[in-house]
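Engineer: Dropping the structure in here first, questions after.
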Amino acid sequence: MRVLLLTGLGALFFAYYWDDNFNPASLQGARVLLTGASAGVGEELAYHYARLGSHLVLTAHTEALLQKLWPSQVVGNCRKLGAPKIFYIAADMASPEVPERVVQFALDKLGGLDYLVLNHLGAAPAGTRARSAQATRWLLQVNFLSYVQLTSLALPSLTDSKGSLVVVSSLLGRVPTSFSSPYSAAKFALDGFFGSLRRELDVQDVNVAITMCVLGLRDRASAAEGVRGVTRAKAAPGPKAALAVIRGGATRASGVFYPWRFHLLCLLRGWLPRPGAWFIRQELNVTAAAAAA
């Protein structure tokens with residue numbers, strides 16, 4: 001029985017990943033608003049879209065622009081890679097008024113949207129404890145509420161273009177782990193909101209695709225520094241993870257898992273809702289994690 005179960009799971013994964021109708025030409029001339037493009041997966045997403053000939057509006061946090069490094073590097077590289085049009089805007093998603101300014105900027109510059117790619121993230125701000133009410137409010141605004149605001153504002157244009165929403169989330173939005181409760185709560189909220197929105201759009205016959213992307217630890221300096229000494233997990237390589245996100249969005253897939261084993265972990269969560277402390281200790285430095293919380 002166990003052999004049959006494992007064989008069935010293997011066949012499921014093979015079918016899931018083998019069926020790939022990705023057409024790179026479909027992204028040529030596509031109008032893309034990409035948030036969180038200053039580093040890591042977001043930067044690699046920008047480069048892939050540029051190579052494929054998409055028109056881009058990129059956002060980055062204010063600090064990246066103040067350092068005068070991000071526009072010259074990322075935007076300049078996108079131009080060299082072939083982006084026909086590229087614009088950028090500073091966006092501190094902790095400010096509730098920023099999403100409206102970002103979407104209006106993109107609509108003005110591109111004349112409409114075919115893709116809204118939500119990729120920005122925030123860890124607990126410096127000087128706050130990870131489980132404090134202040135940190136939790138900040139995390140919810142950056143990692144959840146701003147996603148809702150951007151989606152609501154961009155949805156009319158995406159409806160007109162029969163476009164796509166691509167949401168870059170985390171395994172922590174599907175499988176809870178220790179010492180990450182506020183961040184995990186924000187990511188679980190994303191999964192619930194966009195899962196419900198997908199059903200609403202289906203009922204209303206609105207042809208806007210929603211692709212939820214479950215990634216591992218982000219391949220960026222800020223993310224790596226934030227968990228240094230706490231977890232033994234390795235960051236996902238940015239270029240490969242970004243390409244998986246783009247392929248999923250272009251093919252209007254409902255979900256993307258990178259690395260692929262995350263799909264299995266999400267399935268196993270229903271069978272092992274409370275993993276033993278031994279498993280947790282294999283991934284975490286419990287003493288360091290508890291101190292950070």
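Ordering of the structure tokens sets the chain letters (A, B, ...); residue numbers start at 1 within each chain; ligands are numbered from 1 in the order shown.
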Apply DSSP to the structure's backbone, then extract all residues of stretch 53-116 of chain A labelled strand (DSSP E) and return them as a count of residues only.
Structural biologist: 13
Engineer: Which residues come within 9 Å of A:Ser157, counting only C-alpha atoms, excluding same-chain residues fewer than 6 positions away, as an NGL selection string?
Structural biologist: :A and (107 or 112-114 or 163)
Engineer: Find the residues near stretch 87-97 of chain A: any atom within 7 Å, counting only C-alpha atoms, skip ones fewer than 6 places away on the same chain, and give them as a VMD selection string.
Structural biologist: chain A and resid 56 to 62 65 138 141 to 142 146
Engineer: Those same residues, written as a compact mmCIF listing (two decimals), in the first residue's frame with all heavy atoms?
Structural biologist:
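Dumped everything to part31.txt:
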```txt
# COMPACT_ATOMS: atom_id res chain seq x y z
N LEU A 56 8.17 47.53 -18.42
CA LEU A 56 8.27 47.35 -16.97
C LEU A 56 8.08 48.64 -16.19
O LEU A 56 8.62 49.69 -16.57
CB LEU A 56 9.64 46.77 -16.61
CG LEU A 56 9.96 45.35 -17.10
CD1 LEU A 56 11.43 45.04 -16.87
CD2 LEU A 56 9.09 44.34 -16.37
N VAL A 57 7.36 48.53 -15.08
CA VAL A 57 7.42 49.51 -14.00
C VAL A 57 7.89 48.75 -12.77
O VAL A 57 7.26 47.77 -12.36
CB VAL A 57 6.05 50.16 -13.73
CG1 VAL A 57 6.10 50.95 -12.42
CG2 VAL A 57 5.68 51.09 -14.87
N LEU A 58 9.00 49.19 -12.21
CA LEU A 58 9.62 48.52 -11.07
C LEU A 58 9.49 49.40 -9.83
O LEU A 58 9.59 50.63 -9.92
CB LEU A 58 11.10 48.24 -11.33
CG LEU A 58 11.47 47.53 -12.63
CD1 LEU A 58 12.99 47.36 -12.71
CD2 LEU A 58 10.77 46.18 -12.74
N THR A 59 9.31 48.76 -8.68
CA THR A 59 9.35 49.49 -7.42
C THR A 59 10.52 48.99 -6.58
O THR A 59 10.94 47.84 -6.71
CB THR A 59 8.05 49.34 -6.60
OG1 THR A 59 8.04 48.07 -5.93
CG2 THR A 59 6.82 49.48 -7.47
N ALA A 60 11.00 49.88 -5.74
CA ALA A 60 12.03 49.53 -4.77
C ALA A 60 11.81 50.36 -3.53
O ALA A 60 11.19 51.44 -3.59
CB ALA A 60 13.43 49.78 -5.32
N HIS A 61 12.28 49.88 -2.40
CA HIS A 61 12.14 50.66 -1.17
C HIS A 61 13.00 51.92 -1.26
O HIS A 61 13.97 52.00 -2.03
CB HIS A 61 12.52 49.84 0.06
CG HIS A 61 13.86 49.18 -0.04
ND1 HIS A 61 15.04 49.87 0.16
CD2 HIS A 61 14.21 47.91 -0.32
CE1 HIS A 61 16.06 49.04 0.01
NE2 HIS A 61 15.58 47.85 -0.29
N THR A 62 12.64 52.91 -0.49
CA THR A 62 13.27 54.22 -0.59
C THR A 62 14.77 54.16 -0.37
O THR A 62 15.55 54.86 -1.03
CB THR A 62 12.63 55.19 0.42
OG1 THR A 62 11.21 55.17 0.24
CG2 THR A 62 13.15 56.60 0.23
N LEU A 65 16.89 53.55 -3.40
CA LEU A 65 17.02 54.69 -4.30
C LEU A 65 17.94 55.76 -3.72
O LEU A 65 18.71 56.39 -4.43
CB LEU A 65 15.63 55.29 -4.57
CG LEU A 65 14.72 54.43 -5.45
CD1 LEU A 65 13.31 54.98 -5.45
CD2 LEU A 65 15.25 54.39 -6.87
N TRP A 138 3.25 46.32 11.44
CA TRP A 138 4.12 46.68 10.33
C TRP A 138 4.20 45.56 9.30
O TRP A 138 4.09 45.78 8.10
CB TRP A 138 5.50 47.02 10.88
CG TRP A 138 6.44 47.62 9.89
CD1 TRP A 138 6.62 48.95 9.63
CD2 TRP A 138 7.34 46.92 9.03
NE1 TRP A 138 7.58 49.12 8.67
CE2 TRP A 138 8.05 47.90 8.27
CE3 TRP A 138 7.64 45.58 8.82
CZ2 TRP A 138 9.01 47.56 7.34
CZ3 TRP A 138 8.60 45.25 7.88
CH2 TRP A 138 9.28 46.22 7.15
N GLN A 141 0.96 45.24 7.28
CA GLN A 141 0.81 46.30 6.27
C GLN A 141 1.69 46.01 5.06
O GLN A 141 1.24 46.08 3.92
CB GLN A 141 1.17 47.66 6.87
CG GLN A 141 1.20 48.80 5.85
CD GLN A 141 -0.12 48.99 5.13
OE1 GLN A 141 -1.18 48.93 5.74
NE2 GLN A 141 -0.07 49.22 3.81
N VAL A 142 2.96 45.67 5.30
CA VAL A 142 3.89 45.48 4.19
C VAL A 142 3.61 44.19 3.44
O VAL A 142 3.56 44.17 2.20
CB VAL A 142 5.35 45.49 4.69
CG1 VAL A 142 6.33 45.15 3.56
CG2 VAL A 142 5.70 46.83 5.31
N SER A 146 -0.79 45.82 1.89
CA SER A 146 -0.37 46.50 0.66
C SER A 146 -0.64 45.64 -0.56
O SER A 146 -0.96 46.15 -1.65
CB SER A 146 1.11 46.88 0.74
OG SER A 146 1.93 45.73 0.76
```
Engineer: What is the atom CA of A:Ala244 to atom CA of A:Phe194 distance in Å?
Structural biologist: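 Going from atom CA of A:Ala244 over to atom CA of A:Phe194, I get 19.2 Å.
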Engineer: Go through A:Val208, A:Ala25, A:Val75, A:Leu243 one by one, measure the shortest atom-to-atom distance of each to A:Thr159 using only C-alpha atoms, and give the residue with the smallest value.
Structural biologist: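 Closest to A:Thr159 of all the choices is A:Val208.
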